[in-house]
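Comments concern the structure below.
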Amino acid sequence: MSKYNYNHSVVEKKWQKIWERKGIYNTDMKARGKQTFYNLFMFPYPSAEGLHAGHAFSSTGSDIFGRFMRMNEKEVFQPIGYDSFGIHSENYAIKVNETPQKMLLRTLKTYTNQLKSMGHGYDWTHSLTTSDPDYYKWTQWLFVKLFKAGLAYRKEAEVNWCPSCKTVLADEQVMTPAQAGKDPIRADGKPVGSDEDVMVCERCGTVVERKILKQWFLKITHYAERLLKNLDNINWSERVVKTQKEWIGKKEGIIITYPVDGKNASIDCFTTRPDTNFGATFIVVSPEYARKNLVNLIPPKNIQKVTKYVNNALNKTEQQRKKEGRVKTGVFTGLYAINRLNNYKMPIWVSDFVLGGFGTGAVVGVPGHDKRDFEFAKEFNIPVKRVVVGSNGDTSEITTLDKVEEGEGIAINSEFLNGMNTHKATEKILDYLEKQGWGKRKTTYHLRDWLISRQRYWGPPIPMIYCEKCARQGKSWFTKNSLPENSRNSDDWQSAGWYPEENLPVLLPKLKYYLPQGTGKGPLADHPEFYKTRCPVCGSVAKRETDVSDTFLDSSWYFLAYPNVGTKEYGQDLRAQIKQTNKESAKPFNDEILSNWLPVDLYFGGAEHAVLHLMYARFISMALFDLGIISFEEPFPRFFAHGLLIKDGAKMSKSRGNVVNPDDYIQKYGADTLRLYTMFLGPMDGYPDFRDTGIEGMRKFLERLWLLFNTKYSLKTSKKESIKVNQTIKKVTKDIKKFRYNTAIASIMELVNFLKEQKRISQDSLIVLCKLLAPFTPHLAEEVWVEVLGKDFSIHKSTWPKINTKIIKNQPVNIAIQVNGKVRKVLRFAHHEALDQDVVAKKAIADPKINQWLKGKKVVKTIFVPQKIINFVLK
RNA sequence: GCCGAGGUGGCGGAAUGGUAGACGCUCAGGACUUAAAAUCCUGUGUUCGAUAAUCGGACGUGUGGGUUCGAGUCCCACCCUCGGCACCA
């Protein structure tokens, strides 16, 4: 090839072929003697014909780090695969009117070609596809394991239903339209008002409905405390940690029991601020609570008004309640409750601002220290008491909303709590109330159990068998005494008649018509040849579960599978296994490989999975840890949340018509150009906008690079050149470690500009430059390494350049002149002038400006200020 | 309302308390060319002044204060933007 033309398509194809043939990115899983590095990138789900430029942006970010670690002498494992099961793929198949199987045959080929054409260093020998029976038999095995451990159960519950996807959704898959990035639509075609607060399906943007159905749940709440606690010990992007913490939503408080005056009854209220309880002046219960627990107690003269209010409130939809805003309404029940702390008689009210579904559904009103309580008290002329003095020191009466002190402070008017700070007072009162038997500590979480049933076709069938005969006799897989710890206290235990299927996989049959029914049952329910079976215990006719599991169950363990792909453990036949006595110990993992490679060293992915995949994967890992199957709780000690590549100010999406296809750019400019360009646009955790003009410039830079490498070089390196080169190494290394690829590239460009201005460029400088470029532009670097610099095969087996610290030590310095003990003047000198402190000091004094300034002043000291201040006395 | 993150040229974005605007895009001028494209060179925060030319001054990081020899960076108050949570007791 001509040395003056950089032909990207020839070079890139050539090296991609060589890499594949020689398998240089294939990892020796039993590697010894080298430190291992598991570099994981969130696998894509094939819900379109191919990847868009956003994937190129994020996957390149992950690949660069992997290549960097490789050059830092780590044995790097960088796998890739496909999250091919699930609603997203199925919906796309429906759209193109094909079966998911057939659609995937085509799209996976495209995805693979695209990923390869970007030049990522993936180990394709450890690839996996979640819809492959070899994979999903283990997903089913996982479900069975969880079931046996009491972590999977079935219960009837009010659940989210997407009328468009015709399936239920987990709480995490329901969000506001803004979060989903979709305009809300209603299944019946009615328009959604812009002021309406609606929740939509994460996938399709349809407004969700509520339905009561019997479904399978995973008991993630059992791990709420550990999921929360461990967050403090893992190195994750801050915003993701915060989101998870909020989603778990831990609240510590106490349930206080207040006797109802003159009745043989009491009301339980949950509060997180028992330290303010001396300031309680009323009780409010939700309409739900009133209807359920209070109606019989209410005096006749109040009953009509209360009933009317309750009925009215309960007939309103959630949306109506929200629309009415914060105006407080309510009705007095005629009843009083006693606050046993001070024997205060608190009127009991009913109001719809109290939620039936949170806490106990009843609240104790402390109007001085809760804004909502204050609004309510003002509305109905209920007394307000101050029991906390906040940081502003105000002790006056609380008469307006802005005087309500919700923060921490010092307790007053609270008898034995007086003078204590909020923290101490809380501890004291908690102990006191428990000791008196008036209350009980209670911790609540926002996190709910994970609903995994899906009434769809494209997923792993939930491997459970239902035997009606056994159910009638109250039999189940668990004997009465063998109910696991986790489930023993649960009211939700309704699994009589259910047995786990161990003859795995329960194959998903090929169906020609697989569309969701919308009846609350999945398409498999129409296929007796699938669901008809025999009870594994009594042998009578039994039925299989016809729902499939959530796609997030597939992806909750895939990172554990990658390193084990190809092992005999992962490949073993579970159908043969069950005949063996050790069937309980069957698992897809090789212990040596697990300990060599896991947990994942760096997980690179999108922040949108904060409460979805990332939470589920942590939960599953903890469960597997408790079952003794793996030896760590946290699968991802380090997670980096990348940003998103946007186009014309918006997220790329088909409906907006702003999808950038990376193929066009790879063909026109080359993968290296696209890699370098997307990385240069901005910080990796930002939201850079893709523009065509910029990429032209980047392509020109690569051409100039190519020319630079092809110019004559000398063997000697000048001192100035050496300083520059070493500064660049230092900067680029630091930036890559912090995922600041854009500034790393800028430094490389600066070095190139510098080298171009030199009359002679040394070979050493070019070698360093080539190495610095290698993670970003792997093909170009490889070509230069071998063809131009004549080095051994593959730059990626070479080592990252070392910094010569001696050379870059001399940085610019400041000379500060001290008069009468205070620094009064500072001069700045370039590094090469400031090698000797005395020389510099003399020079400072000699400076005409300083000289003039110094006139008539007594110089005591000059101070040498490079990075830190070093004092020395001027003689 | 509460909790985060942030506000720097025409644009994307750089700056361990130490020459603000690296690097790139855009734009302008020049060279080459019959011409255009490509390429290369020069300039490009605002403003004032000056020279034959090299040049010099002032102001500039949302606003107003403060600390410091020195502040985009640290502290206080305010304004604005973007995320997350939201009648969760």
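Here, A, B, ... name the chains of the structure tokens in the order displayed, residue numbers run from 1 inside each chain, and ligands are numbered from 1 in the same displayed order.
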
Nearby residues (only C-alpha atoms (C1' of nucleotides)) at most 8 Å from A:Thr546, same-chain spacing under 3 positions excluded, as number ranges by chain: A: 455, 461-462, 521-525, 531

Using N, CA and C atoms, can you write the selected residues to a file as a compact mmCIF listing (two decimals), in the first residue's frame?
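Written output follows (part-v1.txt):
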```
# COMPACT_ATOMS: atom_id res chain seq x y z
N GLN A 455 -46.63 -12.99 31.15
CA GLN A 455 -47.62 -13.73 30.35
C GLN A 455 -47.26 -13.61 28.88
N PRO A 461 -39.57 -20.86 30.27
CA PRO A 461 -40.74 -21.26 31.04
C PRO A 461 -40.34 -21.43 32.51
N ILE A 462 -41.19 -20.93 33.40
CA ILE A 462 -40.90 -21.09 34.82
C ILE A 462 -41.04 -22.58 35.15
N LYS A 521 -53.11 -14.82 31.00
CA LYS A 521 -52.36 -16.06 30.83
C LYS A 521 -51.45 -15.94 29.61
N GLY A 522 -50.35 -16.64 29.65
CA GLY A 522 -49.41 -16.58 28.54
C GLY A 522 -49.83 -17.46 27.39
N PRO A 523 -49.23 -17.29 26.22
CA PRO A 523 -49.56 -18.09 25.04
C PRO A 523 -49.37 -19.58 25.27
N LEU A 524 -48.46 -19.96 26.16
CA LEU A 524 -48.23 -21.38 26.40
C LEU A 524 -49.45 -22.07 27.00
N ALA A 525 -50.34 -21.27 27.60
CA ALA A 525 -51.54 -21.83 28.21
C ALA A 525 -52.49 -22.42 27.16
N TYR A 531 -48.12 -28.01 28.43
CA TYR A 531 -48.36 -27.96 29.88
C TYR A 531 -48.81 -29.26 30.51
```

Would you mind listing, as a PyMOL selection string, all residues of chain B that have at least one atom within 6 Å of chain A, where only C-alpha atoms (C1' of nucleotides) are what counts? chain B and resi 23+25+69+87+89

List every residue of stretch 570-783 of chain A that DSSP, applied to the backbone of this structure, assigns to helix (DSSP H, G or I), and report them as JSON, numbers by chain. {"A": [570, 571, 574, 575, 576, 577, 583, 584, 585, 591, 592, 593, 594, 595, 596, 597, 607, 608, 609, 613, 614, 615, 616, 617, 618, 619, 620, 621, 622, 623, 624, 625, 626, 662, 663, 664, 665, 666, 667, 668, 671, 672, 673, 674, 675, 676, 677, 678, 679, 680, 692, 693, 694, 695, 696, 697, 698, 699, 700, 701, 702, 703, 704, 705, 706, 707, 708, 709, 719, 720, 721, 722, 723, 724, 725, 726, 727, 728, 729, 730, 731, 732, 733, 734, 735, 736, 737, 741, 742, 743, 744, 745, 746, 747, 748, 749, 750, 751, 752, 753, 754, 755, 756, 757, 763, 764, 765, 766, 767, 768, 769, 770, 771, 772, 773, 778, 779, 780, 781, 782, 783]}

Test item, strand (DSSP E) assignment across stretch 53-198 of chain A, answer as JSON, numbers by chain: {"A": [74, 75, 76, 77, 152, 153, 154, 155, 156, 157, 158, 159, 160, 161, 162, 167, 168, 169, 174, 175]}

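If you count only C-alpha atoms (C1' of nucleotides) and ignore residues fewer than 6 places along the chain from A:Thr112, what sits within 12 Å of it is Phe43, Pro44, Pro46, Glu49, Gly50, Leu51, Ile80, Gly81, Tyr82, Leu104, Leu105, Arg106, Met118, Gly119, His120, Tyr122, Trp124, Ser127, Leu128 and Thr129 of chain A.
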
Would you put the residues from that selection into a file with N, CA and C atoms, as a short mmCIF file (atom, residue, chain, number, x, y, z; two decimals), in the first residue's frame?
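The result, stored in again-v5.cif:
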```
data_model
loop_
_atom_site.label_atom_id
_atom_site.label_comp_id
_atom_site.auth_asym_id
_atom_site.auth_seq_id
_atom_site.Cartn_x
_atom_site.Cartn_y
_atom_site.Cartn_z
N PHE A 43 -24.10 -6.63 28.16
CA PHE A 43 -24.42 -7.18 26.84
C PHE A 43 -25.69 -6.56 26.26
N PRO A 44 -25.72 -6.42 24.92
CA PRO A 44 -26.86 -5.75 24.29
C PRO A 44 -28.05 -6.69 24.14
N PRO A 46 -31.00 -7.60 21.45
CA PRO A 46 -31.26 -7.37 20.03
C PRO A 46 -32.72 -6.99 19.80
N GLU A 49 -32.60 -4.01 14.09
CA GLU A 49 -31.79 -4.69 13.08
C GLU A 49 -30.31 -4.68 13.42
N GLY A 50 -29.90 -3.65 14.15
CA GLY A 50 -28.48 -3.58 14.47
C GLY A 50 -28.20 -2.57 15.55
N LEU A 51 -26.94 -2.42 15.89
CA LEU A 51 -26.52 -1.48 16.92
C LEU A 51 -26.53 -0.07 16.36
N ILE A 80 -18.38 -11.10 25.41
CA ILE A 80 -19.59 -10.41 24.93
C ILE A 80 -20.64 -11.46 24.59
N GLY A 81 -21.89 -11.09 24.68
CA GLY A 81 -22.97 -12.02 24.37
C GLY A 81 -24.25 -11.26 24.10
N TYR A 82 -25.36 -11.97 24.13
CA TYR A 82 -26.63 -11.33 23.79
C TYR A 82 -27.73 -11.66 24.78
N LEU A 104 -33.88 -13.64 15.24
CA LEU A 104 -32.57 -13.60 15.91
C LEU A 104 -31.45 -14.15 15.03
N LEU A 105 -31.79 -15.18 14.26
CA LEU A 105 -30.78 -15.74 13.36
C LEU A 105 -30.16 -14.64 12.52
N ARG A 106 -31.03 -13.74 12.05
CA ARG A 106 -30.56 -12.66 11.19
C ARG A 106 -29.90 -11.54 12.00
N MET A 118 -15.95 -2.94 14.85
CA MET A 118 -15.48 -1.81 15.65
C MET A 118 -14.12 -2.09 16.26
N GLY A 119 -13.64 -3.30 16.09
CA GLY A 119 -12.28 -3.61 16.52
C GLY A 119 -12.13 -3.85 18.01
N HIS A 120 -13.24 -4.25 18.67
CA HIS A 120 -13.14 -4.50 20.11
C HIS A 120 -12.42 -5.83 20.37
N TYR A 122 -12.78 -8.61 21.98
CA TYR A 122 -13.61 -9.58 22.69
C TYR A 122 -13.10 -11.00 22.52
N TRP A 124 -14.45 -14.17 21.73
CA TRP A 124 -15.69 -14.73 21.19
C TRP A 124 -15.85 -16.21 21.52
N SER A 127 -18.66 -16.62 24.29
CA SER A 127 -19.89 -15.88 24.07
C SER A 127 -21.10 -16.70 24.51
N LEU A 128 -22.19 -16.01 24.81
CA LEU A 128 -23.41 -16.74 25.13
C LEU A 128 -24.65 -15.95 24.69
N THR A 129 -25.75 -16.68 24.55
CA THR A 129 -27.02 -16.11 24.14
C THR A 129 -28.07 -16.62 25.10
#
```

Could you pull the residues within 10 Å of A:Pro259, counting only C-alpha atoms (C1' of nucleotides), minus those fewer than 2 positions along the same chain, as a list in words? Ile256, Thr257, Asp261, Gly262, Lys263, Asn264, Ala265, Ser266, Ile267, Asp268, Tyr336, Ala337, Ile338, Asn339, Arg340 and Trp438 of chain A

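Shortest atom-to-atom contact with A:Met684 among A:Leu40, A:Met199, A:Ile666, A:Ile64: A:Ile64, counting only C-alpha atoms.
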